[in-house]
>>> print(open('protein.csv').read())   # CSV, C-alpha atoms
chain,number,residue,atom,x,y,z
A,1,MET,CA,-7.2,252.5,-2.7
A,2,LYS,CA,-7.0,250.7,-6.1
A,3,ASN,CA,-7.9,247.4,-4.5
A,4,TRP,CA,-10.9,248.9,-2.7
A,5,HIS,CA,-12.2,250.3,-6.0
A,6,CYS,CA,-11.7,246.8,-7.6
A,7,ARG,CA,-13.6,245.1,-4.8
A,8,LEU,CA,-16.5,247.7,-5.1
A,9,SER,CA,-16.7,247.2,-8.8
A,10,LEU,CA,-16.7,243.4,-8.4
A,11,CYS,CA,-19.6,243.7,-5.8
A,12,LEU,CA,-21.6,245.8,-8.1
A,13,VAL,CA,-21.1,243.3,-11.0
A,14,LEU,CA,-22.2,240.4,-8.7
A,15,LEU,CA,-25.2,242.4,-7.6
A,16,LEU,CA,-26.3,243.1,-11.2
A,17,LEU,CA,-25.8,239.4,-12.1
A,18,CYS,CA,-27.9,238.3,-9.2
A,19,GLN,CA,-30.7,240.7,-10.1
A,20,ALA,CA,-30.6,239.5,-13.7
A,21,ALA,CA,-30.7,235.9,-12.5
A,22,PHE,CA,-33.7,236.6,-10.3
A,23,ALA,CA,-35.4,238.4,-13.2
A,24,PHE,CA,-34.8,235.5,-15.6
A,25,ALA,CA,-36.1,233.1,-13.0
A,26,ASP,CA,-39.2,235.1,-12.5
A,27,ALA,CA,-39.7,235.4,-16.3
A,28,GLY,CA,-39.0,231.7,-16.7
A,29,SER,CA,-41.6,230.8,-14.2
A,30,ASP,CA,-44.1,232.9,-16.2
A,31,LEU,CA,-43.5,231.2,-19.5
A,32,TRP,CA,-46.2,228.9,-20.9
A,33,THR,CA,-47.1,226.8,-23.9
A,34,CYS,CA,-50.2,227.5,-25.9
A,35,SER,CA,-52.7,224.6,-26.0
A,36,ASN,CA,-54.1,225.8,-29.3
A,37,CYS,CA,-51.1,226.2,-31.6
A,38,GLY,CA,-48.2,224.8,-29.5
A,39,GLN,CA,-46.2,228.0,-29.4
A,40,MET,CA,-43.7,227.9,-26.5
A,41,TRP,CA,-42.1,230.6,-24.3
A,42,ASN,CA,-45.2,232.8,-24.2
A,43,GLN,CA,-45.3,235.6,-21.6
A,44,GLY,CA,-48.4,237.4,-20.5
A,45,ASN,CA,-52.0,236.4,-20.9
A,46,TYR,CA,-52.1,235.8,-24.7
A,47,CYS,CA,-50.2,233.5,-27.1
A,48,SER,CA,-47.7,235.5,-29.1
A,49,ASN,CA,-48.5,233.4,-32.2
A,50,CYS,CA,-52.2,232.9,-32.3
A,51,GLY,CA,-53.6,235.2,-29.6
A,52,THR,CA,-55.3,232.4,-27.6
A,53,PRO,CA,-55.7,233.4,-24.0
A,54,ARG,CA,-53.5,231.8,-21.4
A,55,PRO,CA,-55.4,228.8,-19.7
A,56,SER,CA,-54.3,229.9,-16.3
A,57,SER,CA,-55.6,233.5,-16.6
A,58,GLY,CA,-58.7,232.9,-14.6
A,59,ASN,CA,-61.9,233.5,-16.7
A,60,GLN,CA,-60.0,235.4,-19.4
A,61,ALA,CA,-60.7,232.6,-22.0
A,62,ASP,CA,-64.4,232.8,-21.3
A,63,TYR,CA,-64.2,236.5,-21.6
A,64,THR,CA,-62.8,236.6,-25.1
A,65,LEU,CA,-64.3,233.5,-26.6
A,66,GLU,CA,-67.7,232.0,-26.4
A,67,GLN,CA,-69.0,228.5,-27.3
A,68,ILE,CA,-71.6,228.6,-30.1
A,69,PRO,CA,-74.7,226.6,-29.1
A,70,GLY,CA,-75.1,223.5,-31.1
A,71,GLU,CA,-71.7,224.0,-32.9
A,72,SER,CA,-69.2,221.5,-31.5
A,73,GLY,CA,-65.6,222.7,-32.1
A,74,PHE,CA,-66.5,226.3,-33.1
A,75,VAL,CA,-66.3,229.3,-30.8
A,76,LYS,CA,-67.4,232.8,-31.3
A,77,VAL,CA,-64.7,235.5,-31.0
A,78,ARG,CA,-66.2,238.2,-28.7
A,79,LEU,CA,-66.0,241.7,-29.9
A,80,GLN,CA,-64.9,244.8,-28.1
A,81,SER,CA,-66.8,247.0,-30.4
A,82,VAL,CA,-68.1,247.4,-34.0
A,83,SER,CA,-68.4,250.5,-36.2
A,84,ALA,CA,-69.6,251.4,-39.7
A,85,SER,CA,-68.9,254.3,-42.0
A,86,SER,CA,-72.7,254.7,-42.7
A,87,TYR,CA,-76.1,253.7,-41.3
A,88,ILE,CA,-79.7,254.7,-41.7
A,89,VAL,CA,-81.1,257.0,-38.9
A,90,ASN,CA,-84.6,256.1,-38.0
A,91,LYS,CA,-86.6,259.2,-37.0
A,92,GLN,CA,-88.6,257.5,-34.3
A,93,ASP,CA,-85.7,255.4,-33.0
A,94,PRO,CA,-82.3,256.8,-34.0
A,95,ALA,CA,-80.5,253.7,-32.6
A,96,ARG,CA,-82.7,251.2,-34.5
A,97,TRP,CA,-80.3,250.5,-37.4
A,98,LEU,CA,-76.9,251.1,-35.6
A,99,PRO,CA,-73.9,248.9,-36.7
A,100,SER,CA,-74.0,247.3,-33.3
A,101,ARG,CA,-77.4,245.7,-34.2
A,102,ALA,CA,-75.4,243.3,-36.5
A,103,ALA,CA,-73.5,241.9,-33.5
A,104,ASP,CA,-76.2,241.8,-30.8
A,105,GLY,CA,-77.2,238.2,-31.2
A,106,ASN,CA,-80.8,239.2,-31.9
A,107,ASP,CA,-82.4,238.0,-35.1
A,108,GLY,CA,-85.1,240.7,-34.9
A,109,THR,CA,-82.6,243.5,-35.4
A,110,CYS,CA,-80.1,244.4,-38.1
A,111,TRP,CA,-77.6,247.0,-39.3
A,112,GLN,CA,-79.0,249.0,-42.3
A,113,PHE,CA,-77.3,251.4,-44.6
A,114,SER,CA,-78.5,253.3,-47.7
A,115,ILE,CA,-77.0,253.0,-51.3
A,116,ARG,CA,-79.3,255.8,-52.7
A,117,ASN,CA,-76.3,258.2,-53.1
A,118,GLN,CA,-73.3,255.9,-52.7
A,119,ASN,CA,-71.8,252.7,-54.0
A,120,PRO,CA,-72.2,249.8,-51.4
A,121,SER,CA,-68.5,249.1,-51.5
A,122,SER,CA,-67.7,252.6,-50.2
A,123,VAL,CA,-69.4,251.6,-46.9
A,124,THR,CA,-67.2,249.7,-44.4
A,125,PHE,CA,-68.2,247.6,-41.3
A,126,GLU,CA,-65.5,246.9,-38.8
A,127,MET,CA,-65.3,244.4,-35.9
A,128,PHE,CA,-62.7,244.9,-33.2
A,129,THR,CA,-61.7,241.9,-31.0
A,130,MET,CA,-61.1,242.1,-27.3
A,131,ALA,CA,-57.6,240.6,-27.8
A,132,PRO,CA,-55.5,239.3,-30.7
A,133,GLN,CA,-57.3,236.2,-31.8
A,134,THR,CA,-57.2,233.4,-34.4
A,135,VAL,CA,-60.1,233.8,-36.9
A,136,ASN,CA,-61.0,230.9,-39.2
A,137,ALA,CA,-64.3,232.0,-40.5
A,138,VAL,CA,-66.8,234.9,-40.7
A,139,TRP,CA,-70.4,233.8,-40.4
A,140,ILE,CA,-73.2,236.0,-41.7
A,141,LYS,CA,-76.9,236.0,-41.4
A,142,ASN,CA,-77.8,238.0,-44.5
A,143,GLY,CA,-80.7,240.5,-44.9
A,144,PHE,CA,-83.4,241.5,-42.4
A,145,TRP,CA,-85.0,238.5,-40.6
A,146,SER,CA,-87.9,240.4,-39.0
A,147,VAL,CA,-91.5,240.5,-39.9
A,148,ASN,CA,-93.4,243.9,-39.8
A,149,ALA,CA,-96.7,244.7,-38.1
A,150,SER,CA,-98.6,243.6,-41.2
A,151,GLY,CA,-97.0,240.2,-41.2
A,152,GLN,CA,-94.8,240.9,-44.2
A,153,ASP,CA,-91.4,239.3,-44.4
A,154,LEU,CA,-88.8,242.1,-44.5
A,155,PHE,CA,-86.1,239.8,-45.9
A,156,SER,CA,-87.1,240.1,-49.6
A,157,MET,CA,-88.5,243.7,-49.1
A,158,ASN,CA,-85.0,245.0,-48.3
A,159,CYS,CA,-81.7,244.6,-50.1
A,160,ARG,CA,-79.3,241.8,-49.1
A,161,ALA,CA,-75.6,241.4,-49.6
A,162,ARG,CA,-74.8,239.6,-52.9
A,163,SER,CA,-71.0,239.7,-52.6
A,164,VAL,CA,-68.7,240.8,-49.8
A,165,GLN,CA,-65.0,241.5,-49.3
A,166,LEU,CA,-63.2,240.8,-46.0
A,167,GLU,CA,-59.9,242.3,-44.9
A,168,PHE,CA,-57.8,241.7,-41.7
A,169,ARG,CA,-55.7,243.8,-39.4
A,170,TYR,CA,-53.2,242.2,-37.2
A,171,SER,CA,-51.5,243.1,-33.9
A,172,ASP,CA,-48.2,243.8,-35.8
A,173,SER,CA,-49.7,246.2,-38.4
A,174,GLY,CA,-52.0,249.2,-38.6
A,175,ALA,CA,-53.1,248.4,-42.1
A,176,TYR,CA,-55.8,246.0,-43.4
A,177,ARG,CA,-54.6,243.3,-45.8
A,178,ASP,CA,-55.3,239.8,-47.1
A,179,ALA,CA,-58.5,240.8,-48.8
A,180,VAL,CA,-60.7,237.8,-49.7
A,181,SER,CA,-64.1,238.0,-51.6
A,182,PHE,CA,-67.2,235.8,-51.5
A,183,THR,CA,-70.4,235.5,-53.3
A,184,LEU,CA,-73.4,234.8,-51.1
A,185,PRO,CA,-76.3,232.7,-52.5
A,186,ASP,CA,-79.7,234.3,-52.1
A,187,ALA,CA,-83.0,232.7,-51.1
A,188,SER,CA,-86.7,233.7,-51.2
A,189,SER,CA,-86.7,234.0,-47.4
A,190,ARG,CA,-84.4,234.2,-44.4
A,191,TRP,CA,-82.3,231.2,-43.5
A,192,ASP,CA,-79.3,230.0,-41.5
A,193,TRP,CA,-75.7,231.3,-41.2
A,194,GLN,CA,-73.7,231.6,-44.3
A,195,ARG,CA,-70.2,230.4,-43.3
A,196,LEU,CA,-67.3,232.1,-45.1
A,197,ASN,CA,-64.0,230.2,-44.3
A,198,VAL,CA,-61.0,232.5,-44.4
A,199,GLY,CA,-58.2,230.1,-43.5
A,200,HIS,CA,-56.0,230.4,-40.4
A,201,LYS,CA,-55.6,234.1,-39.6
A,202,THR,CA,-53.6,234.6,-36.4
A,203,ASN,CA,-53.2,237.7,-34.2
A,204,VAL,CA,-56.3,239.4,-35.7
A,205,VAL,CA,-57.4,242.6,-33.9
A,206,SER,CA,-60.1,243.7,-36.4
A,207,VAL,CA,-61.9,242.6,-39.5
A,208,ARG,CA,-63.3,245.0,-42.1
A,209,LEU,CA,-66.3,244.0,-44.3
A,210,ARG,CA,-67.5,245.6,-47.4
A,211,VAL,CA,-70.7,244.7,-49.3
A,212,THR,CA,-69.6,244.9,-52.9
A,213,SER,CA,-72.9,244.1,-54.6
A,214,VAL,CA,-76.5,243.5,-53.5
A,215,TYR,CA,-79.7,241.6,-54.2
A,216,THR,CA,-82.3,244.4,-54.7
A,217,GLY,CA,-85.2,244.6,-52.3
A,218,THR,CA,-88.8,244.6,-53.7
A,219,ASN,CA,-90.0,247.5,-51.5
A,220,TYR,CA,-86.8,249.2,-50.4
A,221,PRO,CA,-84.3,249.1,-53.3
A,222,TYR,CA,-81.7,251.3,-51.5
A,223,ASP,CA,-81.7,249.9,-48.0
A,224,VAL,CA,-79.1,247.2,-47.4
A,225,CYS,CA,-79.5,244.9,-44.3
A,226,LEU,CA,-77.2,242.6,-42.5
A,227,ASN,CA,-78.8,240.7,-39.6
A,228,GLU,CA,-75.8,239.3,-37.8
A,229,VAL,CA,-72.0,239.0,-38.4
A,230,MET,CA,-69.8,236.8,-36.3
A,231,LEU,CA,-66.1,236.0,-36.2
A,232,VAL,CA,-65.5,232.3,-35.6
A,233,GLN,CA,-62.6,230.2,-34.4
A,234,ASN,CA,-62.3,226.5,-35.3
A,235,ARG,CA,-60.9,225.0,-32.1
A,236,SER,CA,-61.2,221.4,-33.4
A,237,SER,CA,-58.5,221.7,-36.0
A,238,ALA,CA,-57.0,225.2,-35.5
A,239,GLY,CA,-58.5,226.2,-38.8
A,240,VAL,CA,-56.1,224.1,-41.0
A,241,GLN,CA,-59.2,222.3,-42.5
A,242,SER,CA,-62.8,223.1,-41.9
A,243,GLY,CA,-63.9,219.5,-41.8
A,244,ILE,CA,-67.4,220.5,-42.7
A,245,GLY,CA,-67.2,221.2,-46.4
A,246,ILE,CA,-68.6,224.8,-46.5
A,247,GLY,CA,-66.5,226.1,-49.3
A,248,GLY,CA,-63.7,228.4,-48.2
A,249,GLY,CA,-61.0,226.4,-49.9
A,250,PHE,CA,-60.9,223.4,-47.5
A,251,ALA,CA,-61.5,219.6,-47.7
A,252,TYR,CA,-65.2,218.7,-47.9
A,253,GLY,CA,-66.7,216.6,-45.2
A,254,SER,CA,-68.0,213.0,-45.8
A,255,GLY,CA,-71.5,214.4,-46.7
A,256,VAL,CA,-74.9,212.7,-46.7
A,257,ARG,CA,-75.7,209.5,-48.5
A,258,ALA,CA,-78.8,209.9,-50.7
A,259,ASN,CA,-80.7,207.7,-53.2
A,260,LEU,CA,-81.5,209.0,-56.7
A,261,LYS,CA,-85.0,210.1,-57.6
A,262,MET,CA,-84.3,210.2,-61.4
A,263,ARG,CA,-81.4,209.9,-63.8
A,264,LEU,CA,-78.4,212.1,-62.9
A,265,SER,CA,-77.9,215.1,-65.2
A,266,THR,CA,-74.9,217.1,-64.1
A,267,ARG,CA,-73.0,220.3,-64.5
A,268,SER,CA,-69.5,221.2,-63.2
A,269,GLY,CA,-70.9,224.0,-61.2
A,270,PRO,CA,-74.3,225.1,-59.6
A,271,GLY,CA,-76.1,226.4,-62.7
A,272,THR,CA,-76.9,225.9,-66.4
A,273,GLY,CA,-74.1,228.2,-67.4
A,274,TYR,CA,-71.5,225.5,-66.5
A,275,ASP,CA,-70.2,222.8,-68.8
A,276,GLU,CA,-71.8,219.3,-68.7
A,277,PRO,CA,-69.7,216.4,-67.4
A,278,GLY,CA,-72.5,214.0,-68.6
A,279,THR,CA,-75.7,212.2,-67.7
A,280,PHE,CA,-75.4,209.1,-65.5
A,281,PHE,CA,-77.6,206.1,-64.5
A,282,ASP,CA,-80.1,206.4,-67.3
A,283,ARG,CA,-81.6,203.0,-66.8
A,284,ASN,CA,-80.7,202.0,-63.3
A,285,TRP,CA,-81.1,205.2,-61.2
A,286,GLN,CA,-83.5,203.4,-58.9
A,287,SER,CA,-80.7,201.2,-57.5
A,288,ASN,CA,-78.0,203.9,-57.2
A,289,ALA,CA,-77.0,206.4,-54.6
A,290,VAL,CA,-74.6,209.3,-54.3
A,291,GLN,CA,-72.8,211.2,-51.6
A,292,VAL,CA,-74.1,214.8,-51.3
A,293,LEU,CA,-71.4,217.2,-50.0
A,294,GLY,CA,-73.0,220.6,-50.1
A,295,LYS,CA,-75.4,223.0,-51.8
A,296,ALA,CA,-75.4,226.4,-53.6
A,297,TRP,CA,-78.3,228.6,-54.5
A,298,ASP,CA,-79.0,229.4,-58.2
A,299,GLY,CA,-80.6,232.9,-58.1
A,300,ALA,CA,-81.3,233.0,-61.8
A,301,ASN,CA,-83.5,229.8,-61.7
A,302,GLU,CA,-84.4,230.0,-57.9
A,303,ILE,CA,-83.4,226.5,-57.2
A,304,TRP,CA,-80.8,224.7,-55.1
A,305,TRP,CA,-78.0,222.7,-56.7
A,306,VAL,CA,-76.1,220.0,-54.7
A,307,LEU,CA,-72.5,218.8,-55.1
A,308,VAL,CA,-72.5,215.0,-55.4
A,309,ASP,CA,-69.7,212.4,-55.4
A,310,PHE,CA,-70.2,209.0,-57.1
A,311,GLN,CA,-68.6,206.2,-59.2
A,312,SER,CA,-69.5,205.5,-62.8
A,313,GLY,CA,-67.8,203.7,-65.6
A,314,GLY,CA,-64.6,203.0,-63.8
A,315,ALA,CA,-64.1,206.7,-62.7
A,316,ARG,CA,-65.3,208.9,-59.9
A,317,TYR,CA,-67.0,212.3,-60.4
A,318,ARG,CA,-67.6,215.2,-58.0
A,319,VAL,CA,-70.1,217.4,-59.9
A,320,TRP,CA,-73.4,219.3,-59.4
A,321,THR,CA,-77.0,218.3,-60.0
A,322,GLY,CA,-80.4,219.8,-59.1
A,323,LEU,CA,-81.7,219.1,-55.6
A,324,LYS,CA,-84.8,217.5,-57.2
A,325,ARG,CA,-82.7,214.6,-58.3
A,326,VAL,CA,-81.6,213.3,-54.9
A,327,SER,CA,-83.7,212.2,-51.9
A,328,ILE,CA,-82.6,214.8,-49.3
A,329,THR,CA,-83.7,218.2,-48.2
A,330,ALA,CA,-81.6,221.3,-48.6
A,331,GLU,CA,-81.2,221.7,-44.9
A,332,SER,CA,-79.2,218.4,-44.8
A,333,VAL,CA,-76.0,219.8,-46.2
A,334,PRO,CA,-74.0,223.1,-45.8
A,335,VAL,CA,-73.6,225.9,-48.3
A,336,ILE,CA,-70.5,226.0,-50.5
A,337,SER,CA,-69.0,229.3,-51.4
A,338,ALA,CA,-65.8,230.7,-52.9
A,339,ALA,CA,-62.7,231.3,-50.8
A,340,GLY,CA,-60.8,233.8,-52.9
A,341,GLN,CA,-59.0,234.3,-56.2
A,342,GLY,CA,-55.8,233.1,-57.9
A,343,THR,CA,-54.4,232.0,-61.2
A,344,ILE,CA,-53.5,228.6,-62.7
A,345,GLU,CA,-50.9,227.5,-65.2
A,346,PRO,CA,-51.8,225.4,-68.4
A,347,THR,CA,-52.7,222.0,-67.0
A,348,GLU,CA,-54.8,218.9,-67.2
A,349,THR,CA,-57.8,218.9,-64.9
A,350,ARG,CA,-59.9,216.3,-63.1
A,351,ARG,CA,-63.6,216.1,-62.0
A,352,GLY,CA,-62.5,215.7,-58.4
A,353,PRO,CA,-59.4,215.9,-56.1
A,354,GLY,CA,-57.3,213.0,-57.5
A,355,THR,CA,-56.4,210.9,-60.5
A,356,GLN,CA,-59.1,208.4,-59.6
A,357,TYR,CA,-61.6,211.1,-60.8
A,358,ALA,CA,-62.5,211.4,-64.5
A,359,LYS,CA,-60.5,213.8,-66.7
A,360,GLY,CA,-61.9,217.4,-67.0
A,361,PRO,CA,-61.1,220.0,-69.7
A,362,THR,CA,-57.5,220.8,-70.5
A,363,VAL,CA,-56.4,224.4,-69.7
A,364,TYR,CA,-54.1,225.6,-72.4
A,365,GLU,CA,-53.2,229.1,-71.0
A,366,TRP,CA,-52.8,230.9,-67.8
A,367,LYS,CA,-56.2,231.8,-66.3
A,368,SER,CA,-57.6,233.9,-63.5
A,369,VAL,CA,-59.8,231.6,-61.3
A,370,SER,CA,-62.0,231.6,-58.2
A,371,ILE,CA,-60.9,229.1,-55.5
A,372,TYR,CA,-63.4,226.7,-54.0
A,373,GLY,CA,-61.6,223.7,-52.5
A,374,ARG,CA,-58.2,222.3,-51.4
A,375,GLU,CA,-57.9,218.5,-50.8
A,376,ASN,CA,-55.3,215.8,-51.2
A,377,GLY,CA,-52.8,218.1,-53.0
A,378,TRP,CA,-55.5,219.4,-55.4
A,379,ILE,CA,-57.1,222.8,-55.8
A,380,GLU,CA,-60.7,223.3,-56.9
A,381,VAL,CA,-61.0,226.2,-59.3
A,382,GLU,CA,-63.6,228.0,-61.4
A,383,TYR,CA,-62.9,229.9,-64.6
A,384,LYS,CA,-64.7,231.2,-67.7
A,385,ASN,CA,-64.0,230.1,-71.2
A,386,ASP,CA,-63.8,233.3,-73.3
A,387,GLY,CA,-64.4,231.3,-76.5
A,388,ASN,CA,-67.8,229.8,-75.6
A,389,GLY,CA,-68.7,231.9,-72.5
A,390,ARG,CA,-69.2,228.8,-70.4
A,391,LEU,CA,-68.1,228.5,-66.8
A,392,TYR,CA,-65.9,225.5,-65.8
A,393,ARG,CA,-65.3,224.2,-62.2
A,394,CYS,CA,-62.7,221.5,-61.9
A,395,TRP,CA,-59.7,220.4,-59.9
A,396,VAL,CA,-56.0,221.1,-60.7
A,397,PRO,CA,-52.7,219.9,-59.1
A,398,GLU,CA,-51.7,222.3,-56.3
A,399,SER,CA,-48.4,222.8,-58.0
A,400,LYS,CA,-50.2,224.4,-61.0
A,401,ALA,CA,-52.2,226.9,-58.8
A,402,HIS,CA,-51.1,230.3,-57.5
A,403,VAL,CA,-53.5,231.3,-54.8
A,404,GLY,CA,-52.1,234.2,-52.9
A,405,THR,CA,-55.5,235.4,-51.6
A,406,PHE,CA,-56.7,231.9,-50.8
A,407,GLY,CA,-57.6,231.2,-47.2
A,408,GLY,CA,-54.2,232.2,-45.7
A,409,TYR,CA,-52.1,229.7,-47.7
>>> encode(input="protein.csv", output="structure tokens")
Amino acid sequence: MKNWHCRLSLCLVLLLLCQAAFAFADAGSDLWTCSNCGQMWNQGNYCSNCGTPRPSSGNQADYTLEQIPGESGFVKVRLQSVSASSYIVNKQDPARWLPSRAADGNDGTCWQFSIRNQNPSSVTFEMFTMAPQTVNAVWIKNGFWSVNASGQDLFSMNCRARSVQLEFRYSDSGAYRDAVSFTLPDASSRWDWQRLNVGHKTNVVSVRLRVTSVYTGTNYPYDVCLNEVMLVQNRSSAGVQSGIGIGGGFAYGSGVRANLKMRLSTRSGPGTGYDEPGTFFDRNWQSNAVQVLGKAWDGANEIWWVLVDFQSGGARYRVWTGLKRVSITAESVPVISAAGQGTIEPTETRRGPGTQYAKGPTVYEWKSVSIYGRENGWIEVEYKNDGNGRLYRCWVPESKAHVGTFGGY
């Protein structure tokens, strides 16, 4: 009897081992490697690291991501839904200013909310992805792009976002975190996407946006409008660098070569409130050119500034000058905006990302900074000098920067 029990127990053990082996074989046959981030041993239809759909899952990739026309390497993250804590109800058409209007791909519609009785930052706008996804940027078409029946441009008549805060919720957490803030340049009329690079955020299931300050409308000082908001994935480089130089704390692109139209007066940032690195090419500006990397709008003076890179007197400079001084149009280069905030230690600075650039001001104490660039082991920062009230934008060694809210690094 004892032997019989032993044989039965042995058979049961062997049966369980066989079932486990078959189960492992089945699981093994279902494992796959992500083509986006290289993560191995994924199961199911989405990468456990970055959320990219499994290539073999039929049309699933097309269902969750969408190529952006004319934007090689960038894809739109399709949304399951959007919501907002507040919106204006139009009496004739109650659905006219719904939050969904900011994600319908229609430049003639927008989401609107009122700040008559509330601070704009108390209003939240949330975008929910169809599956956990990598998000490298949030693109915004600011304001209201439509024209009314009288032919008036509604962009300047309504309020536009001046600064925004973005927060991210991931598949492993129910809370929003990794807040990053941006200041949006304004213009006298509607214009293209403002591209806010946020780094390499993986497994994102929703993004929350707050408008923290506004440009006031001429006719409707309490109505804030957002035309379109889009979550974007950089498939060309998995978001490690943008490669296009639109702020966000990444390496700038190669830019556009441009001849000078006059001598080159410069500031360290896009405005007269920044320090002056110097004036260059006084007598020979006709025979010189610069590389133009990007632009920023100066709302106080209502002009574009451009970021230029050039060689002078044995050193290189990467500084700002007025658009009128170079032979290009504003449409030729992208907008540059801040990526986030951080602090820096006392350090020497440079006028560009490397020791081949001219020396900048010395920082003698810890300072809170805004982050603009990251290139060749250097961080581009902006801070205010409390003594003279001037703003300074310069580059510091990465080892001297502490950038916890900066683009996912």
>>> closest_atom_pairs(input="protein.csv", of="region 73-135 of chain A", to="region 63-67 of chain A", cutoff="6 Å", atoms="only C-alpha atoms", output="CSV")
residue,atom,partner,partner_atom,distance
A:Val75,CA,A:Gln67,CA,4.5
A:Lys76,CA,A:Glu66,CA,5.0
A:Val77,CA,A:Leu65,CA,4.8
A:Arg78,CA,A:Thr64,CA,5.2
>>> atom_distance(input="protein.csv", atom1="CA of Arg162 (chain A)", atom2="CA of Phe144 (chain A)")
13.7 Å
>>> residues_near_point(input="protein.csv", point="(-70.7, 221.1, -63.1)", cutoff="12 Å", atoms="only C-alpha atoms", output="number ranges by chain")
A: 264-279, 296, 305-309, 317-322, 350-352, 360-361, 380-383, 390-395
>>> residues_around(input="protein.csv", residues="Ser213 (chain A)", least_positions_apart="5", cutoff="7 Å", atoms="all atoms listed in the file", output="number ranges by chain")
A: 120, 161-163
>>> residues_around(input="protein.csv", residues="Val205 (chain A)", least_positions_apart="4", cutoff="9 Å", atoms="all atoms listed in the file", output="PyMOL selection string")
chain A and resi 127-133+168-171
>>> write_last_selection(input="protein.csv", atoms="C-alpha atoms", output="compact mmCIF listing (two decimals), keeping the file's coordinate frame")
# COMPACT_ATOMS: atom_id res chain seq x y z
CA MET A 127 -65.30 244.40 -35.90
CA PHE A 128 -62.70 244.90 -33.20
CA THR A 129 -61.70 241.90 -31.00
CA MET A 130 -61.10 242.10 -27.30
CA ALA A 131 -57.60 240.60 -27.80
CA PRO A 132 -55.50 239.30 -30.70
CA GLN A 133 -57.30 236.20 -31.80
CA PHE A 168 -57.80 241.70 -41.70
CA ARG A 169 -55.70 243.80 -39.40
CA TYR A 170 -53.20 242.20 -37.20
CA SER A 171 -51.50 243.10 -33.90
>>> atom_distance(input="protein.csv", atom1="CA of Gln286 (chain A)", atom2="CA of Thr355 (chain A)")
28.2 Å
>>> atom_distance(input="protein.csv", atom1="CA of Ala103 (chain A)", atom2="CA of Leu231 (chain A)")
9.8 Å
>>> closest_residue(input="protein.csv", among="A:Ser399, A:Ser327, A:Ser337, A:Trp304", to="Val290 (chain A)", atoms="only C-alpha atoms")
A:Ser327
>>> closest_residue(input="protein.csv", among="A:Gly108, A:Pro99, A:Gly373, A:Gly299", to="Leu154 (chain A)", atoms="only C-alpha atoms")
A:Gly108
>>> closest_residue(input="protein.csv", among="A:Lys367, A:Arg210, A:Arg263, A:Arg101", to="Lys324 (chain A)", atoms="only C-alpha atoms")
A:Arg263
>>> residues_around(input="protein.csv", residues="Ser83 (chain A)", least_positions_apart="6", cutoff="12 Å", atoms="all atoms listed in the file", output="list in words")
Trp97, Leu98, Pro99, Ser100, Arg101, Ala102, Ala103, Trp111, Val123, Thr124, Phe125, Glu126, Met127, Phe128, Ser206, Val207, Arg208 and Leu209 of chain A
>>> closest_residue(input="protein.csv", among="A:Ala401, A:Leu323, A:Val369, A:Val232", to="Val135 (chain A)", atoms="all atoms listed in the file")
A:Val232
